[in-house]
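Colleague: Next up, protein-v9.pdb (PDB, C-alpha atoms, pLDDT in the B column).
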```pdb
MODEL        1
ATOM      1  CA  MET A 643       0.000   0.000   0.000  1.00 73.00           C
ATOM      2  CA  ALA A 644       2.227   2.716  -1.271  1.00 66.00           C
ATOM      3  CA  PRO A 645       1.320   6.234  -2.330  1.00 67.00           C
ATOM      4  CA  SER A 646       3.843   8.221  -4.328  1.00 57.00           C
ATOM      5  CA  THR A 647       6.993   8.806  -2.312  1.00 56.00           C
ATOM      6  CA  ALA A 648       6.633  12.488  -3.109  1.00 49.00           C
ATOM      7  CA  ASP A 649       3.629  12.468  -0.799  1.00 53.00           C
ATOM      8  CA  ILE A 650       5.647  11.497   2.287  1.00 55.00           C
ATOM      9  CA  PRO A 651       6.240  14.707   4.259  1.00 54.00           C
ATOM     10  CA  ASN A 652       9.650  16.278   4.593  1.00 53.00           C
ATOM     11  CA  ILE A 653      10.103  16.535   8.344  1.00 46.00           C
ATOM     12  CA  ALA A 654      13.068  18.871   8.039  1.00 43.00           C
ATOM     13  CA  ASN A 655      10.925  21.462   6.245  1.00 48.00           C
ATOM     14  CA  ALA A 656       7.894  21.110   8.488  1.00 46.00           C
ATOM     15  CA  ASN A 657       5.712  24.148   9.040  1.00 47.00           C
ATOM     16  CA  GLU A 658       6.187  25.928  12.354  1.00 52.00           C
ATOM     17  CA  ILE A 659       2.536  25.257  13.231  1.00 71.00           C
ATOM     18  CA  ARG A 660       2.550  21.733  14.627  1.00 84.00           C
ATOM     19  CA  HIS A 661      -0.112  19.334  15.798  1.00 88.00           C
ATOM     20  CA  SER A 662      -0.406  18.597  19.489  1.00 93.00           C
ATOM     21  CA  VAL A 663       0.345  15.121  20.827  1.00 93.00           C
ATOM     22  CA  LEU A 664      -3.373  14.487  21.309  1.00 96.00           C
ATOM     23  CA  GLU A 665      -4.076  15.490  17.713  1.00 96.00           C
ATOM     24  CA  ASP A 666      -1.357  13.138  16.473  1.00 96.00           C
ATOM     25  CA  VAL A 667      -2.724  10.272  18.580  1.00 97.00           C
ATOM     26  CA  GLN A 668      -6.262  10.653  17.256  1.00 97.00           C
ATOM     27  CA  ALA A 669      -4.926  10.930  13.706  1.00 97.00           C
ATOM     28  CA  LEU A 670      -2.945   7.697  14.028  1.00 98.00           C
ATOM     29  CA  LEU A 671      -5.967   5.904  15.484  1.00 98.00           C
ATOM     30  CA  VAL A 672      -8.433   7.179  12.892  1.00 98.00           C
ATOM     31  CA  GLY A 673      -6.073   6.848   9.924  1.00 98.00           C
ATOM     32  CA  CYS A 674      -5.057   3.298  10.806  1.00 98.00           C
ATOM     33  CA  LEU A 675      -8.647   2.265  11.484  1.00 98.00           C
ATOM     34  CA  ILE A 676      -9.724   3.505   8.045  1.00 98.00           C
ATOM     35  CA  VAL A 677      -6.821   1.704   6.369  1.00 98.00           C
ATOM     36  CA  ALA A 678      -7.649  -1.457   8.341  1.00 98.00           C
ATOM     37  CA  LEU A 679     -11.202  -1.278   7.001  1.00 98.00           C
ATOM     38  CA  SER A 680      -9.785  -1.060   3.484  1.00 98.00           C
ATOM     39  CA  LEU A 681      -7.800  -4.234   4.175  1.00 98.00           C
ATOM     40  CA  VAL A 682     -11.082  -6.033   4.857  1.00 98.00           C
ATOM     41  CA  PHE A 683     -12.208  -5.195   1.313  1.00 98.00           C
ATOM     42  CA  PHE A 684      -8.852  -6.307  -0.088  1.00 98.00           C
ATOM     43  CA  ARG A 685      -8.890  -9.597   1.803  1.00 97.00           C
ATOM     44  CA  GLU A 686     -12.552 -10.442   1.195  1.00 97.00           C
ATOM     45  CA  SER A 687     -12.015 -10.032  -2.560  1.00 97.00           C
ATOM     46  CA  ARG A 688      -8.494 -11.556  -2.575  1.00 97.00           C
ATOM     47  CA  LEU A 689      -6.985  -8.401  -4.029  1.00 98.00           C
ATOM     48  CA  LEU A 690      -3.454  -7.074  -3.711  1.00 97.00           C
ATOM     49  CA  THR A 691      -1.821  -3.711  -3.227  1.00 95.00           C
ATOM     50  CA  GLY A 692       1.694  -2.311  -3.435  1.00 93.00           C
ATOM     51  CA  GLY A 693       4.499  -2.042  -0.905  1.00 93.00           C
ATOM     52  CA  THR A 694       4.997  -4.199   2.152  1.00 96.00           C
ATOM     53  CA  THR A 695       1.229  -4.460   2.554  1.00 96.00           C
ATOM     54  CA  GLY A 696       1.091  -6.154  -0.834  1.00 96.00           C
ATOM     55  CA  LEU A 697       3.879  -8.525   0.187  1.00 97.00           C
ATOM     56  CA  SER A 698       1.986  -9.233   3.397  1.00 98.00           C
ATOM     57  CA  PHE A 699      -1.102 -10.180   1.424  1.00 98.00           C
ATOM     58  CA  LEU A 700       0.942 -12.518  -0.792  1.00 97.00           C
ATOM     59  CA  VAL A 701       2.326 -14.341   2.247  1.00 97.00           C
ATOM     60  CA  HIS A 702      -1.103 -14.353   3.891  1.00 98.00           C
ATOM     61  CA  TYR A 703      -2.772 -15.868   0.822  1.00 98.00           C
ATOM     62  CA  LEU A 704      -0.024 -18.469   0.380  1.00 97.00           C
ATOM     63  CA  ALA A 705       0.642 -19.509   3.971  1.00 97.00           C
ATOM     64  CA  GLY A 706      -2.524 -18.472   5.766  1.00 96.00           C
ATOM     65  CA  TRP A 707      -0.548 -16.695   8.493  1.00 97.00           C
ATOM     66  CA  PRO A 708      -2.182 -13.743  10.298  1.00 98.00           C
ATOM     67  CA  LEU A 709      -2.040 -10.666   8.081  1.00 98.00           C
ATOM     68  CA  GLY A 710      -1.330  -8.287  10.962  1.00 98.00           C
ATOM     69  CA  SER A 711       1.656 -10.286  12.192  1.00 98.00           C
ATOM     70  CA  ILE A 712       3.126 -10.515   8.701  1.00 98.00           C
ATOM     71  CA  LEU A 713       2.666  -6.791   8.138  1.00 98.00           C
ATOM     72  CA  PHE A 714       4.382  -5.907  11.401  1.00 98.00           C
ATOM     73  CA  ALA A 715       7.311  -8.280  10.792  1.00 97.00           C
ATOM     74  CA  LEU A 716       7.956  -7.220   7.194  1.00 97.00           C
ATOM     75  CA  ASN A 717       8.144  -3.565   8.195  1.00 97.00           C
ATOM     76  CA  LEU A 718      10.784  -4.070  10.894  1.00 96.00           C
ATOM     77  CA  PRO A 719      13.865  -3.719   8.633  1.00 94.00           C
ATOM     78  CA  PHE A 720      12.639  -0.425   7.191  1.00 94.00           C
ATOM     79  CA  TYR A 721      12.669   1.616  10.399  1.00 94.00           C
ATOM     80  CA  LEU A 722      16.440   2.066  10.178  1.00 92.00           C
ATOM     81  CA  PHE A 723      16.036   3.603   6.727  1.00 91.00           C
ATOM     82  CA  ALA A 724      13.190   5.781   8.031  1.00 92.00           C
ATOM     83  CA  TRP A 725      15.369   7.053  10.895  1.00 93.00           C
ATOM     84  CA  ARG A 726      18.246   7.936   8.583  1.00 90.00           C
ATOM     85  CA  ALA A 727      16.120   9.432   5.827  1.00 88.00           C
ATOM     86  CA  MET A 728      13.285  11.141   7.724  1.00 90.00           C
ATOM     87  CA  GLY A 729      14.349  11.546  11.348  1.00 93.00           C
ATOM     88  CA  ARG A 730      13.230  10.387  14.779  1.00 94.00           C
ATOM     89  CA  SER A 731       9.726  11.880  14.947  1.00 94.00           C
ATOM     90  CA  PHE A 732       8.653  10.434  11.600  1.00 94.00           C
ATOM     91  CA  THR A 733      10.117   7.033  12.477  1.00 96.00           C
ATOM     92  CA  LEU A 734       8.414   6.816  15.874  1.00 97.00           C
ATOM     93  CA  LYS A 735       5.046   7.860  14.458  1.00 96.00           C
ATOM     94  CA  THR A 736       5.441   5.387  11.612  1.00 96.00           C
ATOM     95  CA  PHE A 737       6.322   2.592  14.043  1.00 97.00           C
ATOM     96  CA  CYS A 738       3.172   3.367  16.045  1.00 97.00           C
ATOM     97  CA  ALA A 739       1.068   3.532  12.871  1.00 97.00           C
ATOM     98  CA  VAL A 740       2.300   0.155  11.627  1.00 98.00           C
ATOM     99  CA  GLY A 741       1.740  -1.362  15.065  1.00 98.00           C
ATOM    100  CA  LEU A 742      -1.809  -0.023  15.203  1.00 98.00           C
ATOM    101  CA  LEU A 743      -2.584  -1.171  11.673  1.00 98.00           C
ATOM    102  CA  SER A 744      -1.209  -4.637  12.421  1.00 98.00           C
ATOM    103  CA  ALA A 745      -3.501  -4.915  15.450  1.00 98.00           C
ATOM    104  CA  PHE A 746      -6.521  -3.477  13.644  1.00 98.00           C
ATOM    105  CA  ALA A 747      -5.913  -5.836  10.699  1.00 98.00           C
ATOM    106  CA  GLU A 748      -6.694  -8.754  13.006  1.00 97.00           C
ATOM    107  CA  PHE A 749      -9.446  -7.087  15.047  1.00 97.00           C
ATOM    108  CA  VAL A 750     -11.580  -5.242  12.469  1.00 97.00           C
ATOM    109  CA  PRO A 751     -12.453  -8.320  10.315  1.00 96.00           C
ATOM    110  CA  ARG A 752     -14.160  -9.814  13.384  1.00 96.00           C
ATOM    111  CA  LEU A 753     -16.581  -6.894  13.340  1.00 96.00           C
ATOM    112  CA  VAL A 754     -17.292  -6.744   9.596  1.00 93.00           C
ATOM    113  CA  SER A 755     -18.757  -9.339   7.237  1.00 91.00           C
ATOM    114  CA  PHE A 756     -20.280  -9.277   3.749  1.00 93.00           C
ATOM    115  CA  ASP A 757     -23.025 -11.441   2.264  1.00 93.00           C
ATOM    116  CA  ARG A 758     -22.176 -10.063  -1.165  1.00 94.00           C
ATOM    117  CA  LEU A 759     -19.252  -7.914  -2.270  1.00 96.00           C
ATOM    118  CA  ASP A 760     -18.839  -6.905  -5.895  1.00 98.00           C
ATOM    119  CA  PRO A 761     -15.127  -7.152  -6.822  1.00 97.00           C
ATOM    120  CA  VAL A 762     -15.038  -3.864  -8.751  1.00 98.00           C
ATOM    121  CA  PHE A 763     -16.796  -2.023  -5.926  1.00 98.00           C
ATOM    122  CA  ALA A 764     -14.421  -3.652  -3.439  1.00 98.00           C
ATOM    123  CA  ALA A 765     -11.351  -2.599  -5.432  1.00 98.00           C
ATOM    124  CA  ILE A 766     -12.433   1.021  -5.766  1.00 98.00           C
ATOM    125  CA  THR A 767     -13.688   1.323  -2.188  1.00 98.00           C
ATOM    126  CA  ALA A 768     -10.558  -0.295  -0.774  1.00 98.00           C
ATOM    127  CA  GLY A 769      -8.370   2.134  -2.698  1.00 96.00           C
ATOM    128  CA  LEU A 770     -10.408   5.166  -1.655  1.00 97.00           C
ATOM    129  CA  LEU A 771     -10.463   4.156   2.007  1.00 98.00           C
ATOM    130  CA  ALA A 772      -6.747   3.409   2.020  1.00 96.00           C
ATOM    131  CA  GLY A 773      -6.057   6.753   0.368  1.00 94.00           C
ATOM    132  CA  VAL A 774      -8.055   8.665   2.985  1.00 97.00           C
ATOM    133  CA  GLY A 775      -6.374   6.797   5.846  1.00 96.00           C
ATOM    134  CA  ILE A 776      -2.885   7.322   4.454  1.00 94.00           C
ATOM    135  CA  LEU A 777      -3.673  10.990   3.786  1.00 93.00           C
ATOM    136  CA  ILE A 778      -4.494  11.464   7.474  1.00 95.00           C
ATOM    137  CA  LEU A 779      -1.189   9.850   8.447  1.00 94.00           C
ATOM    138  CA  ILE A 780       0.798  11.933   5.958  1.00 90.00           C
ATOM    139  CA  ARG A 781      -0.652  15.164   7.325  1.00 90.00           C
ATOM    140  CA  HIS A 782       0.530  14.173  10.784  1.00 93.00           C
ATOM    141  CA  GLY A 783       4.086  13.309   9.763  1.00 90.00           C
ATOM    142  CA  ALA A 784       3.665   9.532   9.652  1.00 92.00           C
ATOM    143  CA  SER A 785       3.419   6.744   7.104  1.00 93.00           C
ATOM    144  CA  LEU A 786       2.901   3.004   6.897  1.00 94.00           C
ATOM    145  CA  GLY A 787       6.623   2.479   6.354  1.00 92.00           C
ATOM    146  CA  GLY A 788       7.933  -0.137   3.989  1.00 91.00           C
ATOM    147  CA  ILE A 789       9.295   0.220   0.498  1.00 92.00           C
ATOM    148  CA  GLY A 790       8.391   3.904   0.148  1.00 87.00           C
ATOM    149  CA  VAL A 791      10.748   4.757   2.999  1.00 90.00           C
ATOM    150  CA  LEU A 792      13.499   2.620   1.466  1.00 91.00           C
ATOM    151  CA  ALA A 793      12.976   4.419  -1.846  1.00 89.00           C
ATOM    152  CA  ILE A 794      13.505   7.812  -0.183  1.00 85.00           C
ATOM    153  CA  TYR A 795      16.624   6.511   1.574  1.00 88.00           C
ATOM    154  CA  LEU A 796      18.090   5.232  -1.720  1.00 89.00           C
ATOM    155  CA  GLN A 797      17.323   8.543  -3.394  1.00 87.00           C
ATOM    156  CA  LYS A 798      19.209  10.441  -0.694  1.00 85.00           C
ATOM    157  CA  ARG A 799      22.149   8.038  -0.503  1.00 88.00           C
ATOM    158  CA  LYS A 800      22.453   6.697  -4.047  1.00 89.00           C
ATOM    159  CA  GLY A 801      20.691   9.321  -6.130  1.00 90.00           C
ATOM    160  CA  TRP A 802      18.130   6.817  -7.401  1.00 91.00           C
ATOM    161  CA  ARG A 803      14.724   8.325  -8.183  1.00 88.00           C
ATOM    162  CA  ALA A 804      12.417   7.340  -5.327  1.00 84.00           C
ATOM    163  CA  GLY A 805       9.338   7.204  -7.529  1.00 82.00           C
ATOM    164  CA  THR A 806      11.059   4.845  -9.943  1.00 88.00           C
ATOM    165  CA  VAL A 807      12.270   2.553  -7.157  1.00 89.00           C
ATOM    166  CA  GLN A 808       8.796   2.377  -5.678  1.00 88.00           C
ATOM    167  CA  MET A 809       7.124   1.817  -9.036  1.00 89.00           C
ATOM    168  CA  VAL A 810       9.490  -1.046  -9.888  1.00 92.00           C
ATOM    169  CA  ALA A 811       8.847  -2.626  -6.489  1.00 93.00           C
ATOM    170  CA  ASP A 812       5.073  -2.330  -6.838  1.00 92.00           C
ATOM    171  CA  VAL A 813       5.108  -3.759 -10.360  1.00 93.00           C
ATOM    172  CA  ALA A 814       7.215  -6.669  -9.107  1.00 95.00           C
ATOM    173  CA  ILE A 815       4.799  -7.335  -6.233  1.00 96.00           C
ATOM    174  CA  LEU A 816       1.739  -7.243  -8.477  1.00 94.00           C
ATOM    175  CA  SER A 817       3.525  -9.462 -11.009  1.00 95.00           C
ATOM    176  CA  LEU A 818       4.252 -11.990  -8.270  1.00 96.00           C
ATOM    177  CA  GLY A 819       0.577 -11.804  -7.485  1.00 96.00           C
ATOM    178  CA  LEU A 820      -0.117 -13.589 -10.771  1.00 96.00           C
ATOM    179  CA  LEU A 821       1.315 -16.710  -9.122  1.00 96.00           C
ATOM    180  CA  VAL A 822      -1.187 -16.435  -6.285  1.00 96.00           C
ATOM    181  CA  VAL A 823      -4.385 -14.823  -7.590  1.00 97.00           C
ATOM    182  CA  PRO A 824      -6.070 -14.785 -11.033  1.00 97.00           C
ATOM    183  CA  LEU A 825      -5.268 -12.130 -13.631  1.00 98.00           C
ATOM    184  CA  ASP A 826      -8.602 -10.371 -13.129  1.00 98.00           C
ATOM    185  CA  LYS A 827      -7.769  -9.893  -9.437  1.00 98.00           C
ATOM    186  CA  VAL A 828      -4.411  -8.357 -10.328  1.00 97.00           C
ATOM    187  CA  LEU A 829      -6.089  -5.970 -12.759  1.00 97.00           C
ATOM    188  CA  LEU A 830      -8.603  -4.986 -10.093  1.00 98.00           C
ATOM    189  CA  SER A 831      -5.685  -4.436  -7.728  1.00 97.00           C
ATOM    190  CA  VAL A 832      -4.215  -1.992 -10.247  1.00 96.00           C
ATOM    191  CA  LEU A 833      -7.581  -0.195 -10.333  1.00 96.00           C
ATOM    192  CA  SER A 834      -7.514  -0.002  -6.542  1.00 96.00           C
ATOM    193  CA  ALA A 835      -4.002   1.458  -6.582  1.00 93.00           C
ATOM    194  CA  MET A 836      -5.168   4.125  -9.028  1.00 93.00           C
ATOM    195  CA  ALA A 837      -8.048   5.057  -6.713  1.00 94.00           C
ATOM    196  CA  LEU A 838      -5.677   5.251  -3.733  1.00 93.00           C
ATOM    197  CA  ASN A 839      -3.190   7.526  -5.446  1.00 89.00           C
ATOM    198  CA  LEU A 840      -5.970   9.684  -6.911  1.00 91.00           C
ATOM    199  CA  VAL A 841      -7.262  10.479  -3.420  1.00 92.00           C
ATOM    200  CA  ILE A 842      -3.814  11.540  -2.254  1.00 86.00           C
ATOM    201  CA  ALA A 843      -2.906  13.444  -5.428  1.00 84.00           C
ATOM    202  CA  VAL A 844      -6.113  15.494  -5.342  1.00 86.00           C
ATOM    203  CA  ASN A 845      -6.302  16.111  -1.593  1.00 86.00           C
ATOM    204  CA  HIS A 846      -2.697  16.305  -0.400  1.00 74.00           C
ATOM    205  CA  ARG A 847      -1.735  19.888  -1.193  1.00 66.00           C
ATOM    206  CA  PRO A 848       0.919  21.117   1.262  1.00 61.00           C
ATOM    207  CA  ASP A 849       0.532  24.661  -0.096  1.00 61.00           C
ATOM    208  CA  ARG A 850      -3.077  24.616   1.121  1.00 59.00           C
ATOM    209  CA  TYR A 851      -2.512  22.824   4.414  1.00 54.00           C
ATOM    210  CA  PHE A 852      -0.975  24.784   7.266  1.00 48.00           C
ATOM    211  CA  GLY A 853      -0.966  22.339  10.195  1.00 45.00           C
ATOM    212  CA  PHE A 854       1.579  19.573  10.696  1.00 42.00           C
TER     213      PHE A 854
ENDMDL
END
```
Re-express the file's structure as structure tokens.
Modeller:
Amino acid sequence: MAPSTADIPNIANANEIRHSVLEDVQALLVGCLIVALSLVFFRESRLLTGGTTGLSFLVHYLAGWPLGSILFALNLPFYLFAWRAMGRSFTLKTFCAVGLLSAFAEFVPRLVSFDRLDPVFAAITAGLLAGVGILILIRHGASLGGIGVLAIYLQKRKGWRAGTVQMVADVAILSLGLLVVPLDKVLLSVLSAMALNLVIAVNHRPDRYFGF
């Protein structure tokens, strides 16, 4: 689940007007809960997404292991890159966000069930929900970690374009998905990714947003 790396906030250039701790806490809770709800749509329709969340789904579909545990474990190596590329505050908030999402990913499905779920509706709704949740996290200086953070680190250290690194990784993950889910599910996953990034591209305008 990876929005454009350009959408991850630059902590060093943060606006002087900052959110309070309470505001950050509610944002992490609400943002992660919304993303967790999107994961229900992904899982119920056996769809995929990009980033470490997409890898987590692949492992979950193949091995049947708990999605939340996989998501938490796969993100662990990326916190070092987050610390070096984005600083302490971003890393700590991201760690908390991933932890919350991992817990919600196991808890929320127990509260939600569907008698019928159209795959196209599921793909679009999952992408929109994920986009809104991630947007909330971005505006509070956090992310869901993973490959996007690594891409920023490689751009700073190696000069590689972060967007290209992330795109290659997401294409690879969705391509691997062909070994696990049918082609139509992969295509719907691409549609979901488009919906996710559309939400962020349209609504994340730092020049119009003055809090951090």
Colleague: Run the PyMOL selection byres ((chain A and resi 675-687) around 8) against the file shown and list the residues it catches, as a ChimeraX atom specification.
Modeller: /A:671-674,688-690,699,743,746-747,750-751,754,759,761,764-765,767-769,771-776
Colleague: Can you work out which one of A:Thr691, A:His782, A:Ala811, A:Leu716 has the shortest atom-to-atom distance to A:Leu830, counting all atoms listed in the file?
Modeller: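 The shortest atom-to-atom distance to A:Leu830 comes from A:Thr691.
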Colleague: How far is it from atom CA of A:Val813 to atom CA of A:Ser744, in Å with one decimal?
Modeller: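 Taking atom CA of A:Val813 as the start and atom CA of A:Ser744 as the end point, the length is 23.7 Å.
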Colleague: For a test of reading the model, state the distance in Å between atom CA of A:Asn717 and atom CA of A:Leu818, rounded to one decimal.
Modeller: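 Result for atom CA of A:Asn717 versus atom CA of A:Leu818: 18.9 Å, one decimal.
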Colleague: At a cut-off of 6 Å, can you tabulate as a Markdown table every residue of stretch 651-740 of chain A near stretch 786-792 of chain A together with its closest atom pair and the distance in Å to one decimal, using only C-alpha atoms and ordering rows by chain then number?
Modeller:
```
| residue | atom | partner | partner_atom | distance |
| --- | --- | --- | --- | --- |
| A:Gly693 | CA | A:Ile789 | CA | 5.5 |
| A:Thr694 | CA | A:Gly788 | CA | 5.3 |
| A:Asn717 | CA | A:Gly788 | CA | 5.4 |
| A:Phe720 | CA | A:Gly788 | CA | 5.7 |
| A:Phe723 | CA | A:Leu792 | CA | 5.9 |
| A:Ala724 | CA | A:Val791 | CA | 5.7 |
| A:Thr736 | CA | A:Leu786 | CA | 5.9 |
| A:Val740 | CA | A:Leu786 | CA | 5.6 |
```
Colleague: Excluding A:Ser785 and residues on its chain fewer than 3 positions from it, collect all residues at most 8 Å away from it, counting only C-alpha atoms, and give them as number ranges by chain.
Modeller: A: 650, 732, 735-736, 739, 776, 779-780
Colleague: Edge lengths and centre, in Å to one decimal, as JSON: that's what I need for the box along x, y and z that holds all listed atoms of stretch 729-748 of chain A plus 5 Å on each side.
Modeller:
```
{"center_x": 3.8, "center_y": 1.6, "center_z": 13.4, "size_x": 31.0, "size_y": 30.6, "size_z": 15.3}
```
Colleague: Which distance in Å separates atom CA of A:Glu748 and atom CA of A:Leu709, to one decimal?
Modeller: 7.0 Å
Colleague: Counting all atoms listed in the file, figure out which residue out of A:Arg730, A:Leu700, A:Ala843, A:Pro708 gets nearest to A:Gly783.
Modeller: A:Arg730
Colleague: Here is a test: counting only C-alpha atoms, which residue of A:Gly696, A:Val844, A:Gln668, A:Arg799 is nearest to A:Leu770?
Modeller: A:Val844
Colleague: Given the PyMOL selection byres ((chain A and resi 819) around 12) and the file above, list the residues it selects as number ranges by chain.
Modeller: A: 688-692, 696-704, 812-818, 820-832
Colleague: I need the residue nearest A:Leu713 from this list: A:Met643, A:Val841, A:Val762, A:Leu664. Use only C-alpha atoms for the distance.
Modeller: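 Closest to A:Leu713, using only C-alpha atoms: A:Met643.
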Colleague: Evaluate the PyMOL selection byres ((chain A and resi 807) around 9) here and jot the selected residues down as a PyMOL selection string.
Modeller: chain A and resi 789-790+792-794+796-797+802-806+808-812
Colleague: Quick one: stretch 664-686 of chain A with N, CA and C atoms, as a PDB file, in the frame of the given file?
Modeller:
```pdb
ATOM      1  N   LEU A 664      -2.025  15.053  21.349  1.00 96.00           N
ATOM      2  CA  LEU A 664      -3.373  14.487  21.309  1.00 96.00           C
ATOM      3  C   LEU A 664      -3.906  14.435  19.884  1.00 96.00           C
ATOM      4  N   GLU A 665      -3.636  15.474  19.111  1.00 96.00           N
ATOM      5  CA  GLU A 665      -4.076  15.490  17.713  1.00 96.00           C
ATOM      6  C   GLU A 665      -3.381  14.396  16.918  1.00 96.00           C
ATOM      7  N   ASP A 666      -2.086  14.199  17.164  1.00 96.00           N
ATOM      8  CA  ASP A 666      -1.357  13.138  16.473  1.00 96.00           C
ATOM      9  C   ASP A 666      -1.893  11.757  16.845  1.00 96.00           C
ATOM     10  N   VAL A 667      -2.208  11.567  18.121  1.00 97.00           N
ATOM     11  CA  VAL A 667      -2.724  10.272  18.580  1.00 97.00           C
ATOM     12  C   VAL A 667      -4.058   9.947  17.907  1.00 97.00           C
ATOM     13  N   GLN A 668      -4.965  10.925  17.881  1.00 97.00           N
ATOM     14  CA  GLN A 668      -6.262  10.653  17.256  1.00 97.00           C
ATOM     15  C   GLN A 668      -6.101  10.417  15.760  1.00 97.00           C
ATOM     16  N   ALA A 669      -5.154  11.113  15.137  1.00 97.00           N
ATOM     17  CA  ALA A 669      -4.926  10.930  13.706  1.00 97.00           C
ATOM     18  C   ALA A 669      -4.405   9.527  13.411  1.00 97.00           C
ATOM     19  N   LEU A 670      -3.467   9.048  14.226  1.00 98.00           N
ATOM     20  CA  LEU A 670      -2.945   7.697  14.028  1.00 98.00           C
ATOM     21  C   LEU A 670      -4.048   6.660  14.213  1.00 98.00           C
ATOM     22  N   LEU A 671      -4.880   6.851  15.229  1.00 98.00           N
ATOM     23  CA  LEU A 671      -5.967   5.904  15.484  1.00 98.00           C
ATOM     24  C   LEU A 671      -6.978   5.899  14.342  1.00 98.00           C
ATOM     25  N   VAL A 672      -7.420   7.082  13.939  1.00 98.00           N
ATOM     26  CA  VAL A 672      -8.433   7.179  12.892  1.00 98.00           C
ATOM     27  C   VAL A 672      -7.872   6.731  11.547  1.00 98.00           C
ATOM     28  N   GLY A 673      -6.675   7.218  11.199  1.00 98.00           N
ATOM     29  CA  GLY A 673      -6.073   6.848   9.924  1.00 98.00           C
ATOM     30  C   GLY A 673      -5.859   5.352   9.801  1.00 98.00           C
ATOM     31  N   CYS A 674      -5.329   4.742  10.846  1.00 98.00           N
ATOM     32  CA  CYS A 674      -5.057   3.298  10.806  1.00 98.00           C
ATOM     33  C   CYS A 674      -6.344   2.486  10.801  1.00 98.00           C
ATOM     34  N   LEU A 675      -7.365   2.966  11.487  1.00 98.00           N
ATOM     35  CA  LEU A 675      -8.647   2.265  11.484  1.00 98.00           C
ATOM     36  C   LEU A 675      -9.267   2.278  10.089  1.00 98.00           C
ATOM     37  N   ILE A 676      -9.183   3.408   9.404  1.00 98.00           N
ATOM     38  CA  ILE A 676      -9.724   3.505   8.045  1.00 98.00           C
ATOM     39  C   ILE A 676      -8.949   2.591   7.101  1.00 98.00           C
ATOM     40  N   VAL A 677      -7.622   2.588   7.218  1.00 98.00           N
ATOM     41  CA  VAL A 677      -6.821   1.704   6.369  1.00 98.00           C
ATOM     42  C   VAL A 677      -7.137   0.244   6.680  1.00 98.00           C
ATOM     43  N   ALA A 678      -7.318  -0.083   7.961  1.00 98.00           N
ATOM     44  CA  ALA A 678      -7.649  -1.457   8.341  1.00 98.00           C
ATOM     45  C   ALA A 678      -8.977  -1.890   7.723  1.00 98.00           C
ATOM     46  N   LEU A 679      -9.931  -0.961   7.652  1.00 98.00           N
ATOM     47  CA  LEU A 679     -11.202  -1.278   7.001  1.00 98.00           C
ATOM     48  C   LEU A 679     -10.988  -1.554   5.518  1.00 98.00           C
ATOM     49  N   SER A 680     -10.083  -0.802   4.898  1.00 98.00           N
ATOM     50  CA  SER A 680      -9.785  -1.060   3.484  1.00 98.00           C
ATOM     51  C   SER A 680      -9.190  -2.451   3.297  1.00 98.00           C
ATOM     52  N   LEU A 681      -8.403  -2.904   4.272  1.00 98.00           N
ATOM     53  CA  LEU A 681      -7.800  -4.234   4.175  1.00 98.00           C
ATOM     54  C   LEU A 681      -8.855  -5.330   4.193  1.00 98.00           C
ATOM     55  N   VAL A 682      -9.984  -5.064   4.864  1.00 98.00           N
ATOM     56  CA  VAL A 682     -11.082  -6.033   4.857  1.00 98.00           C
ATOM     57  C   VAL A 682     -11.600  -6.221   3.439  1.00 98.00           C
ATOM     58  N   PHE A 683     -11.757  -5.114   2.700  1.00 98.00           N
ATOM     59  CA  PHE A 683     -12.208  -5.195   1.313  1.00 98.00           C
ATOM     60  C   PHE A 683     -11.177  -5.927   0.456  1.00 98.00           C
ATOM     61  N   PHE A 684      -9.903  -5.607   0.659  1.00 98.00           N
ATOM     62  CA  PHE A 684      -8.852  -6.307  -0.088  1.00 98.00           C
ATOM     63  C   PHE A 684      -8.913  -7.806   0.176  1.00 98.00           C
ATOM     64  N   ARG A 685      -8.975  -8.184   1.435  1.00 97.00           N
ATOM     65  CA  ARG A 685      -8.890  -9.597   1.803  1.00 97.00           C
ATOM     66  C   ARG A 685     -10.140 -10.365   1.369  1.00 97.00           C
ATOM     67  N   GLU A 686     -11.310  -9.762   1.562  1.00 97.00           N
ATOM     68  CA  GLU A 686     -12.552 -10.442   1.195  1.00 97.00           C
ATOM     69  C   GLU A 686     -12.617 -10.729  -0.303  1.00 97.00           C
TER      70      GLU A 686
END
```
